[in-house]
Amino acid sequence: MPGVLLTIGWIALFLFAIRRSSFFNAPGLSKRTIGSLFLLKIVAGTAMWWIYTFHFPDRANADIYKYFDDGNIMFSALPDHPLDYLSMLFGIHNDQAHFDGEYYRVMHNWYRQYESNMYNDAHTMIRFNAFVRIFSFGVYHMHTVFACFFGIIGSVALYRTFVTFLAGHERALTIAIFLLPSVLFWGSGVIKEALLFFGLGLFLFNVFGMLRDGARPLRVLTLVFCCVLLFFLKFYVLLSLIPALIAYVWCRRTKDRSALLKYAVTYAVCIIIALNSSHIIPRFDIIDVLWVKQKDFIGMATAAHAGSLVDVVRLERNAWSFVKRSPHALYMTFLSPITAWRNGVLGLVSATENIALIGSIAFFLTRRRPWRDVDKPLFYLCIGYCVLLALVIGWTTPVIGALVRYRTPLLPFLLIAVLLIADPNRVKWPRWMHIK
């Protein structure tokens, strides 16, 4: 009972913050609606807890519990050894044998079976749970509430970033950012996606703010924080966005002339840099990193007998292998979830969502505006980011169940790209879908 009251109290506090903070002033979206969306995310996060507690009761392999349980071990240092807790929380001088023996070896996920030369992003979620544990007193649902609040901040930031470019499409934009089933579900649990949307939304919100109003100290600090957060959560999401942003800034600085050419040149230069990454950052070869990622994923999925494992052709350690597998990688990311309908309720939901997405894209494309009226730099930004991220996911992820989760950061951008082409005057919405 105390845990329920504590959870309700924090929900009320966050709803009050939404009501009072000017950050949540969003055109076409009232604070009451944002509060309702926050509550809906809590329902989705609670559903995830129920599924991984009662339907898939393997606590040791459930992400929502892996990070939560290890976070409790990190938090256990706070009462008697607060300096140990702070060192681990902020990663300061925490690589000593003392921390390894007392804490990290006790955790089950600080070290992973398949270690590579990349940062173990599980550390970020363990630290997040260790921090929230200060306020939750060990009540798991409090961690869901915090994750949902961070998630709603990122989603509102993403909405505010794009709504000025999509006048008349506010309802469709709300659905694209807040209500897609996979985005709502995976972005509302105590897993990386909730913080990923938080970082991604604030990152773009501040980048576009700087382009519009110039650099300000708080905006720059927030931008740096988001870059660090995204890098330590899922570095490939940030790297997939960088080329598109560089080309977008270039277009805006030159009054959008020859936008497609600027994007082509930018991506060509970025590809050349990526293929020579080992000469820039010692022992970092992007081809090798992706090759290892696919190999390790196949190994883990095979060992766990993953039900939606796809028999894919293994990549080779050369660029031509990646080029040859690009069409299949795009198929895996954008279309393979349709085949997941046989893999239980979640698979059926994923397949239904994918079919609905394809239908929605076709619907909006039949109501397109003249090409001369399309914001081409922004359109290319969304498409470039989606394609590059889709390639990375499709190359490295042979499990459809995991792929549906990993692709959630690109789905809103895919629909935003379509909305940029669609003419809002040719789209009719039923009265019950009116959003205030």
# chains A, B, ... in the order shown; residues from 1 in each chain; ligands from 1
call {"tool": "residues_around", "arguments": {"residues": "range 99-108 of chain A", "least_positions_apart": "5", "cutoff": "7 Å", "atoms": "only C-alpha atoms", "output": "number ranges by chain"}}
result
A: 70, 73-74, 94
call {"tool": "closest_residue", "arguments": {"among": "A:Tyr236, A:Trp320, A:Tyr248, A:Phe14", "to": "Cys382 in chain A", "atoms": "only C-alpha atoms"}}
result
A:Tyr248
call {"tool": "atom_distance", "arguments": {"atom1": "CA of Ile177 in chain A", "atom2": "CA of Ile416 in chain A"}}
result
8.9 Å
call {"tool": "residues_around", "arguments": {"residues": "Ala340 in chain A", "least_positions_apart": "6", "cutoff": "9 Å", "atoms": "only C-alpha atoms", "output": "count of residues only"}}
result
9
call {"tool": "closest_residue", "arguments": {"among": "A:Phe38, A:Tyr67, A:Tyr85, A:Phe231", "to": "Phe149 in chain A", "atoms": "only C-alpha atoms"}}
result
A:Phe38
call {"tool": "closest_residue", "arguments": {"among": "A:Leu238, A:Ala301, A:Ala390, A:Ala60", "to": "Tyr331 in chain A", "atoms": "only C-alpha atoms"}}
result
A:Ala390
call {"tool": "residues_around", "arguments": {"residues": "Ile242 in chain A", "least_positions_apart": "5", "cutoff": "12 Å", "atoms": "only C-alpha atoms", "output": "MDAnalysis selection string"}}
result
chainID A and resid 200 203:204 207 227 230:231 235:237 247:249 263 266:267 270:271 381:382 384:386 388:389
call {"tool": "write_last_selection", "arguments": {"atoms": "N, CA and C atoms", "output": "PDB file, in the first residue's frame"}}
result
ATOM      1  N   LEU A 200      16.805  12.157 -27.774  1.00  0.00           N
ATOM      2  CA  LEU A 200      16.631  12.484 -29.186  1.00  0.00           C
ATOM      3  C   LEU A 200      15.742  13.706 -29.364  1.00  0.00           C
ATOM      4  N   PHE A 203      17.561  16.832 -28.089  1.00  0.00           N
ATOM      5  CA  PHE A 203      18.682  17.121 -28.985  1.00  0.00           C
ATOM      6  C   PHE A 203      18.188  17.906 -30.205  1.00  0.00           C
ATOM      7  N   LEU A 204      17.177  17.405 -30.885  1.00  0.00           N
ATOM      8  CA  LEU A 204      16.667  18.076 -32.082  1.00  0.00           C
ATOM      9  C   LEU A 204      15.991  19.401 -31.741  1.00  0.00           C
ATOM     10  N   VAL A 207      18.825  21.824 -31.364  1.00  0.00           N
ATOM     11  CA  VAL A 207      19.495  22.090 -32.641  1.00  0.00           C
ATOM     12  C   VAL A 207      18.657  23.046 -33.480  1.00  0.00           C
ATOM     13  N   CYS A 227      23.915  14.840 -26.437  1.00  0.00           N
ATOM     14  CA  CYS A 227      24.902  14.104 -27.244  1.00  0.00           C
ATOM     15  C   CYS A 227      25.557  13.002 -26.417  1.00  0.00           C
ATOM     16  N   LEU A 230      22.888  10.212 -25.692  1.00  0.00           N
ATOM     17  CA  LEU A 230      22.614   9.380 -26.862  1.00  0.00           C
ATOM     18  C   LEU A 230      23.797   8.485 -27.196  1.00  0.00           C
ATOM     19  N   PHE A 231      25.014   9.018 -27.066  1.00  0.00           N
ATOM     20  CA  PHE A 231      26.193   8.210 -27.359  1.00  0.00           C
ATOM     21  C   PHE A 231      26.290   7.021 -26.417  1.00  0.00           C
ATOM     22  N   PHE A 235      24.783   4.615 -29.599  1.00  0.00           N
ATOM     23  CA  PHE A 235      25.604   5.546 -30.358  1.00  0.00           C
ATOM     24  C   PHE A 235      25.219   5.575 -31.828  1.00  0.00           C
ATOM     25  N   TYR A 236      24.715   4.438 -32.360  1.00  0.00           N
ATOM     26  CA  TYR A 236      24.405   4.387 -33.786  1.00  0.00           C
ATOM     27  C   TYR A 236      23.187   5.226 -34.151  1.00  0.00           C
ATOM     28  N   VAL A 237      22.298   5.487 -33.202  1.00  0.00           N
ATOM     29  CA  VAL A 237      21.165   6.376 -33.465  1.00  0.00           C
ATOM     30  C   VAL A 237      21.672   7.797 -33.677  1.00  0.00           C
ATOM     31  N   ALA A 247      23.934  18.181 -43.443  1.00  0.00           N
ATOM     32  CA  ALA A 247      23.399  18.610 -44.733  1.00  0.00           C
ATOM     33  C   ALA A 247      22.252  19.598 -44.556  1.00  0.00           C
ATOM     34  N   TYR A 248      21.421  19.385 -43.526  1.00  0.00           N
ATOM     35  CA  TYR A 248      20.292  20.288 -43.278  1.00  0.00           C
ATOM     36  C   TYR A 248      20.791  21.688 -42.925  1.00  0.00           C
ATOM     37  N   VAL A 249      21.777  21.760 -42.044  1.00  0.00           N
ATOM     38  CA  VAL A 249      22.336  23.058 -41.664  1.00  0.00           C
ATOM     39  C   VAL A 249      22.955  23.742 -42.880  1.00  0.00           C
ATOM     40  N   TYR A 263      22.879  17.113 -49.864  1.00  0.00           N
ATOM     41  CA  TYR A 263      22.748  15.876 -49.091  1.00  0.00           C
ATOM     42  C   TYR A 263      23.624  14.784 -49.683  1.00  0.00           C
ATOM     43  N   THR A 266      27.243  15.485 -48.772  1.00  0.00           N
ATOM     44  CA  THR A 266      27.473  15.263 -47.337  1.00  0.00           C
ATOM     45  C   THR A 266      27.561  13.787 -47.015  1.00  0.00           C
ATOM     46  N   TYR A 267      26.631  12.997 -47.546  1.00  0.00           N
ATOM     47  CA  TYR A 267      26.645  11.560 -47.265  1.00  0.00           C
ATOM     48  C   TYR A 267      27.860  10.889 -47.888  1.00  0.00           C
ATOM     49  N   CYS A 270      30.728  11.616 -45.585  1.00  0.00           N
ATOM     50  CA  CYS A 270      30.582  10.862 -44.329  1.00  0.00           C
ATOM     51  C   CYS A 270      30.894   9.383 -44.533  1.00  0.00           C
ATOM     52  N   ILE A 271      30.501   8.833 -45.680  1.00  0.00           N
ATOM     53  CA  ILE A 271      30.804   7.429 -45.966  1.00  0.00           C
ATOM     54  C   ILE A 271      32.305   7.224 -46.089  1.00  0.00           C
ATOM     55  N   LEU A 381      16.217  15.287 -44.623  1.00  0.00           N
ATOM     56  CA  LEU A 381      16.742  14.979 -43.291  1.00  0.00           C
ATOM     57  C   LEU A 381      16.063  13.738 -42.719  1.00  0.00           C
ATOM     58  N   CYS A 382      14.736  13.733 -42.756  1.00  0.00           N
ATOM     59  CA  CYS A 382      13.981  12.603 -42.200  1.00  0.00           C
ATOM     60  C   CYS A 382      14.271  11.313 -42.956  1.00  0.00           C
ATOM     61  N   GLY A 384      16.902  10.604 -44.936  1.00  0.00           N
ATOM     62  CA  GLY A 384      18.292  10.199 -44.776  1.00  0.00           C
ATOM     63  C   GLY A 384      18.542   9.514 -43.450  1.00  0.00           C
ATOM     64  N   TYR A 385      17.981  10.077 -42.375  1.00  0.00           N
ATOM     65  CA  TYR A 385      18.134   9.474 -41.055  1.00  0.00           C
ATOM     66  C   TYR A 385      17.465   8.104 -41.003  1.00  0.00           C
ATOM     67  N   CYS A 386      16.252   7.997 -41.545  1.00  0.00           N
ATOM     68  CA  CYS A 386      15.523   6.724 -41.512  1.00  0.00           C
ATOM     69  C   CYS A 386      16.255   5.637 -42.288  1.00  0.00           C
ATOM     70  N   LEU A 388      19.501   5.415 -43.156  1.00  0.00           N
ATOM     71  CA  LEU A 388      20.776   5.030 -42.561  1.00  0.00           C
ATOM     72  C   LEU A 388      20.566   4.202 -41.297  1.00  0.00           C
ATOM     73  N   LEU A 389      19.639   4.618 -40.447  1.00  0.00           N
ATOM     74  CA  LEU A 389      19.368   3.850 -39.230  1.00  0.00           C
ATOM     75  C   LEU A 389      18.762   2.496 -39.577  1.00  0.00           C
TER      76      LEU A 389
END
call {"tool": "closest_residue", "arguments": {"among": "A:Gly151, A:Gly168, A:Pro82, A:Gly209", "to": "Ile34 in chain A", "atoms": "only C-alpha atoms"}}
result
A:Gly151
call {"tool": "atom_distance", "arguments": {"atom1": "CA of Ser188 in chain A", "atom2": "CA of Ala147 in chain A"}}
result
6.5 Å
call {"tool": "closest_residue", "arguments": {"among": "A:Arg342, A:Val374, A:Trp10, A:Ile64", "to": "Gly45 in chain A", "atoms": "only C-alpha atoms"}}
result
A:Ile64
call {"tool": "residues_around", "arguments": {"residues": "Asn61 in chain A", "least_positions_apart": "4", "cutoff": "10 Å", "atoms": "only C-alpha atoms", "output": "ChimeraX atom specification"}}
result
/A:52,56-57,65-66,108-109,304
call {"tool": "write_last_selection", "arguments": {"atoms": "N, CA and C atoms", "output": "PDB file, in the first residue's frame"}}
result
ATOM      1  N   TYR A  52       6.371  -9.001 -18.719  1.00  0.00           N
ATOM      2  CA  TYR A  52       7.658  -9.567 -18.338  1.00  0.00           C
ATOM      3  C   TYR A  52       7.670 -10.106 -16.911  1.00  0.00           C
ATOM      4  N   PHE A  56       6.265 -13.694 -19.508  1.00  0.00           N
ATOM      5  CA  PHE A  56       7.647 -14.151 -19.733  1.00  0.00           C
ATOM      6  C   PHE A  56       8.413 -14.012 -18.420  1.00  0.00           C
ATOM      7  N   PRO A  57       8.168 -14.910 -17.477  1.00  0.00           N
ATOM      8  CA  PRO A  57       8.686 -14.714 -16.109  1.00  0.00           C
ATOM      9  C   PRO A  57      10.146 -15.097 -15.918  1.00  0.00           C
ATOM     10  N   TYR A  65      13.981  -5.871 -15.684  1.00  0.00           N
ATOM     11  CA  TYR A  65      14.466  -6.284 -14.371  1.00  0.00           C
ATOM     12  C   TYR A  65      15.991  -6.333 -14.309  1.00  0.00           C
ATOM     13  N   LYS A  66      16.645  -6.630 -15.455  1.00  0.00           N
ATOM     14  CA  LYS A  66      18.108  -6.710 -15.439  1.00  0.00           C
ATOM     15  C   LYS A  66      18.710  -5.408 -14.936  1.00  0.00           C
ATOM     16  N   HIS A 108      24.694  -8.846 -12.707  1.00  0.00           N
ATOM     17  CA  HIS A 108      24.623  -9.850 -13.778  1.00  0.00           C
ATOM     18  C   HIS A 108      24.799  -9.238 -15.168  1.00  0.00           C
ATOM     19  N   ASN A 109      24.759  -7.911 -15.263  1.00  0.00           N
ATOM     20  CA  ASN A 109      24.745  -7.307 -16.593  1.00  0.00           C
ATOM     21  C   ASN A 109      25.750  -6.168 -16.764  1.00  0.00           C
ATOM     22  N   ALA A 304      19.710 -18.383 -26.954  1.00  0.00           N
ATOM     23  CA  ALA A 304      18.447 -18.171 -26.242  1.00  0.00           C
ATOM     24  C   ALA A 304      17.260 -18.790 -26.956  1.00  0.00           C
TER      25      ALA A 304
END
call {"tool": "select_by_dssp", "arguments": {"residues": "range 197-430 of chain A", "states": "alpha helix (DSSP H)", "output": "PyMOL selection string"}}
result
chain A and resi 197-213+217-253+259-275+277-280+286-303+319-324+326-334+344-365+376-396+400-406+411-421
call {"tool": "closest_residue", "arguments": {"among": "A:Ser182, A:Ser76, A:Ser155, A:Ser21", "to": "Ala130 in chain A", "atoms": "only C-alpha atoms"}}
result
A:Ser76
call {"tool": "residues_around", "arguments": {"residues": "range 191-197 of chain A", "least_positions_apart": "4", "cutoff": "9 Å", "atoms": "only C-alpha atoms", "output": "ChimeraX atom specification"}}
result
/A:63-64,67,121-122,124-125,147-155,158,183,186-187,201-202,229-230,233-234,237,405-406,408-409
call {"tool": "write_last_selection", "arguments": {"atoms": "C-alpha atoms", "output": "compact mmCIF listing (two decimals), in the first residue's frame"}}
result
# COMPACT_ATOMS: atom_id res chain seq x y z
CA ASP A 63 15.58 -6.00 -19.67
CA ILE A 64 13.17 -4.24 -17.32
CA TYR A 67 18.82 -3.00 -15.12
CA ASP A 121 25.16 0.75 -22.99
CA ALA A 122 23.67 -1.35 -20.18
CA THR A 124 23.63 3.82 -18.56
CA MET A 125 20.38 2.07 -17.64
CA ALA A 147 10.87 6.63 -17.37
CA CYS A 148 7.50 7.74 -18.75
CA PHE A 149 8.03 11.31 -17.59
CA PHE A 150 11.43 11.48 -19.27
CA GLY A 151 9.84 9.92 -22.34
CA ILE A 152 7.00 12.44 -22.50
CA ILE A 153 9.50 15.30 -22.23
CA GLY A 154 11.38 13.95 -25.25
CA SER A 155 8.20 13.34 -27.24
CA LEU A 158 10.07 16.26 -30.81
CA VAL A 183 6.65 3.59 -29.96
CA TRP A 186 8.70 0.25 -26.02
CA GLY A 187 9.10 3.94 -25.20
CA GLY A 201 13.74 14.89 -28.72
CA LEU A 202 15.69 17.42 -26.66
CA LEU A 229 23.36 10.60 -23.33
CA LEU A 230 22.61 9.38 -26.86
CA LEU A 233 22.63 4.79 -24.86
CA LYS A 234 22.77 3.86 -28.55
CA VAL A 237 21.16 6.38 -33.46
CA ARG A 405 11.88 -2.49 -30.70
CA TYR A 406 15.11 -1.11 -32.16
CA THR A 408 11.07 2.71 -32.88
CA PRO A 409 13.33 5.83 -33.05
call {"tool": "residues_around", "arguments": {"residues": "Gln294 in chain A", "least_positions_apart": "2", "cutoff": "7 Å", "atoms": "only C-alpha atoms", "output": "list in words"}}
result
Leu290, Trp291, Val292, Asp296, Phe297, Ile298, Trp395, Thr396 and Thr397 of chain A
call {"tool": "atom_distance", "arguments": {"atom1": "CA of Gln96 in chain A", "atom2": "CA of His81 in chain A"}}
result
15.0 Å
call {"tool": "decode", "arguments": {"residues": "range 336-371 of chain A", "atoms": "N, CA and C atoms", "output": "PDB file, in the first residue's frame"}}
result
ATOM      1  N   SER A 336       9.855  -6.795 -42.636  1.00  0.00           N
ATOM      2  CA  SER A 336       9.848  -8.122 -42.004  1.00  0.00           C
ATOM      3  C   SER A 336       8.890  -8.253 -40.819  1.00  0.00           C
ATOM      4  N   PRO A 337       8.571  -7.168 -40.057  1.00  0.00           N
ATOM      5  CA  PRO A 337       7.604  -7.350 -38.965  1.00  0.00           C
ATOM      6  C   PRO A 337       6.250  -7.882 -39.413  1.00  0.00           C
ATOM      7  N   ILE A 338       5.922  -7.756 -40.692  1.00  0.00           N
ATOM      8  CA  ILE A 338       4.657  -8.311 -41.184  1.00  0.00           C
ATOM      9  C   ILE A 338       4.622  -9.823 -40.985  1.00  0.00           C
ATOM     10  N   THR A 339       5.788 -10.449 -41.058  1.00  0.00           N
ATOM     11  CA  THR A 339       5.851 -11.908 -40.928  1.00  0.00           C
ATOM     12  C   THR A 339       5.811 -12.370 -39.472  1.00  0.00           C
ATOM     13  N   ALA A 340       5.750 -11.429 -38.531  1.00  0.00           N
ATOM     14  CA  ALA A 340       5.806 -11.792 -37.110  1.00  0.00           C
ATOM     15  C   ALA A 340       4.445 -12.176 -36.538  1.00  0.00           C
ATOM     16  N   TRP A 341       3.401 -12.214 -37.358  1.00  0.00           N
ATOM     17  CA  TRP A 341       2.050 -12.465 -36.834  1.00  0.00           C
ATOM     18  C   TRP A 341       1.923 -13.843 -36.188  1.00  0.00           C
ATOM     19  N   ARG A 342       2.844 -14.756 -36.510  1.00  0.00           N
ATOM     20  CA  ARG A 342       2.781 -16.101 -35.933  1.00  0.00           C
ATOM     21  C   ARG A 342       3.438 -16.174 -34.565  1.00  0.00           C
ATOM     22  N   ASN A 343       4.097 -15.113 -34.135  1.00  0.00           N
ATOM     23  CA  ASN A 343       4.884 -15.143 -32.893  1.00  0.00           C
ATOM     24  C   ASN A 343       4.131 -14.530 -31.718  1.00  0.00           C
ATOM     25  N   GLY A 344       2.950 -15.017 -31.460  1.00  0.00           N
ATOM     26  CA  GLY A 344       2.194 -14.573 -30.299  1.00  0.00           C
ATOM     27  C   GLY A 344       1.506 -13.233 -30.486  1.00  0.00           C
ATOM     28  N   VAL A 345       0.966 -12.716 -29.383  1.00  0.00           N
ATOM     29  CA  VAL A 345       0.182 -11.477 -29.424  1.00  0.00           C
ATOM     30  C   VAL A 345       1.049 -10.299 -29.840  1.00  0.00           C
ATOM     31  N   LEU A 346       2.249 -10.180 -29.269  1.00  0.00           N
ATOM     32  CA  LEU A 346       3.122  -9.061 -29.618  1.00  0.00           C
ATOM     33  C   LEU A 346       3.497  -9.103 -31.095  1.00  0.00           C
ATOM     34  N   GLY A 347       3.728 -10.295 -31.620  1.00  0.00           N
ATOM     35  CA  GLY A 347       4.032 -10.422 -33.040  1.00  0.00           C
ATOM     36  C   GLY A 347       2.859 -10.027 -33.907  1.00  0.00           C
ATOM     37  N   LEU A 348       1.652 -10.397 -33.492  1.00  0.00           N
ATOM     38  CA  LEU A 348       0.450 -10.031 -34.243  1.00  0.00           C
ATOM     39  C   LEU A 348       0.247  -8.523 -34.235  1.00  0.00           C
ATOM     40  N   VAL A 349       0.475  -7.897 -33.079  1.00  0.00           N
ATOM     41  CA  VAL A 349       0.362  -6.437 -32.988  1.00  0.00           C
ATOM     42  C   VAL A 349       1.386  -5.766 -33.901  1.00  0.00           C
ATOM     43  N   SER A 350       2.616  -6.285 -33.917  1.00  0.00           N
ATOM     44  CA  SER A 350       3.667  -5.710 -34.768  1.00  0.00           C
ATOM     45  C   SER A 350       3.296  -5.824 -36.246  1.00  0.00           C
ATOM     46  N   ALA A 351       2.772  -6.992 -36.643  1.00  0.00           N
ATOM     47  CA  ALA A 351       2.383  -7.181 -38.039  1.00  0.00           C
ATOM     48  C   ALA A 351       1.240  -6.250 -38.423  1.00  0.00           C
ATOM     49  N   THR A 352       0.264  -6.132 -37.529  1.00  0.00           N
ATOM     50  CA  THR A 352      -0.879  -5.247 -37.795  1.00  0.00           C
ATOM     51  C   THR A 352      -0.429  -3.801 -37.899  1.00  0.00           C
ATOM     52  N   GLU A 353       0.456  -3.388 -36.993  1.00  0.00           N
ATOM     53  CA  GLU A 353       0.975  -2.020 -37.035  1.00  0.00           C
ATOM     54  C   GLU A 353       1.711  -1.754 -38.343  1.00  0.00           C
ATOM     55  N   ASN A 354       2.516  -2.725 -38.793  1.00  0.00           N
ATOM     56  CA  ASN A 354       3.284  -2.526 -40.012  1.00  0.00           C
ATOM     57  C   ASN A 354       2.369  -2.384 -41.226  1.00  0.00           C
ATOM     58  N   ILE A 355       1.325  -3.186 -41.280  1.00  0.00           N
ATOM     59  CA  ILE A 355       0.367  -3.081 -42.377  1.00  0.00           C
ATOM     60  C   ILE A 355      -0.344  -1.734 -42.327  1.00  0.00           C
ATOM     61  N   ALA A 356      -0.710  -1.304 -41.114  1.00  0.00           N
ATOM     62  CA  ALA A 356      -1.375  -0.001 -40.965  1.00  0.00           C
ATOM     63  C   ALA A 356      -0.439   1.137 -41.370  1.00  0.00           C
ATOM     64  N   LEU A 357       0.851   1.014 -41.051  1.00  0.00           N
ATOM     65  CA  LEU A 357       1.820   2.039 -41.448  1.00  0.00           C
ATOM     66  C   LEU A 357       1.914   2.143 -42.966  1.00  0.00           C
ATOM     67  N   ILE A 358       1.998   0.994 -43.620  1.00  0.00           N
ATOM     68  CA  ILE A 358       2.073   0.999 -45.085  1.00  0.00           C
ATOM     69  C   ILE A 358       0.814   1.614 -45.681  1.00  0.00           C
ATOM     70  N   GLY A 359      -0.340   1.258 -45.123  1.00  0.00           N
ATOM     71  CA  GLY A 359      -1.594   1.835 -45.606  1.00  0.00           C
ATOM     72  C   GLY A 359      -1.670   3.331 -45.380  1.00  0.00           C
ATOM     73  N   SER A 360      -1.180   3.790 -44.209  1.00  0.00           N
ATOM     74  CA  SER A 360      -1.207   5.225 -43.907  1.00  0.00           C
ATOM     75  C   SER A 360      -0.290   6.000 -44.838  1.00  0.00           C
ATOM     76  N   ILE A 361       0.885   5.441 -45.102  1.00  0.00           N
ATOM     77  CA  ILE A 361       1.818   6.107 -46.019  1.00  0.00           C
ATOM     78  C   ILE A 361       1.205   6.225 -47.411  1.00  0.00           C
ATOM     79  N   ALA A 362       0.583   5.138 -47.873  1.00  0.00           N
ATOM     80  CA  ALA A 362      -0.068   5.174 -49.186  1.00  0.00           C
ATOM     81  C   ALA A 362      -1.196   6.198 -49.214  1.00  0.00           C
ATOM     82  N   PHE A 363      -1.959   6.279 -48.119  1.00  0.00           N
ATOM     83  CA  PHE A 363      -3.069   7.231 -48.031  1.00  0.00           C
ATOM     84  C   PHE A 363      -2.570   8.666 -48.152  1.00  0.00           C
ATOM     85  N   PHE A 364      -1.535   9.013 -47.384  1.00  0.00           N
ATOM     86  CA  PHE A 364      -1.035  10.383 -47.410  1.00  0.00           C
ATOM     87  C   PHE A 364      -0.354  10.715 -48.736  1.00  0.00           C
ATOM     88  N   LEU A 365       0.311   9.744 -49.343  1.00  0.00           N
ATOM     89  CA  LEU A 365       0.977  10.009 -50.613  1.00  0.00           C
ATOM     90  C   LEU A 365      -0.018  10.272 -51.736  1.00  0.00           C
ATOM     91  N   THR A 366      -1.213   9.730 -51.621  1.00  0.00           N
ATOM     92  CA  THR A 366      -2.231  10.012 -52.645  1.00  0.00           C
ATOM     93  C   THR A 366      -2.829  11.411 -52.467  1.00  0.00           C
ATOM     94  N   ARG A 367      -2.473  12.066 -51.374  1.00  0.00           N
ATOM     95  CA  ARG A 367      -2.962  13.414 -51.101  1.00  0.00           C
ATOM     96  C   ARG A 367      -1.784  14.389 -50.969  1.00  0.00           C
ATOM     97  N   ARG A 368      -0.801  14.168 -51.818  1.00  0.00           N
ATOM     98  CA  ARG A 368       0.422  14.970 -51.732  1.00  0.00           C
ATOM     99  C   ARG A 368       0.206  16.376 -52.289  1.00  0.00           C
ATOM    100  N   ARG A 369       1.039  17.268 -51.815  1.00  0.00           N
ATOM    101  CA  ARG A 369       1.053  18.649 -52.280  1.00  0.00           C
ATOM    102  C   ARG A 369       2.048  18.780 -53.433  1.00  0.00           C
ATOM    103  N   PRO A 370       2.029  19.864 -54.192  1.00  0.00           N
ATOM    104  CA  PRO A 370       3.017  20.057 -55.261  1.00  0.00           C
ATOM    105  C   PRO A 370       4.433  20.009 -54.691  1.00  0.00           C
ATOM    106  N   TRP A 371       5.356  19.404 -55.432  1.00  0.00           N
ATOM    107  CA  TRP A 371       6.723  19.222 -54.948  1.00  0.00           C
ATOM    108  C   TRP A 371       7.394  20.553 -54.632  1.00  0.00           C
TER     109      TRP A 371
END
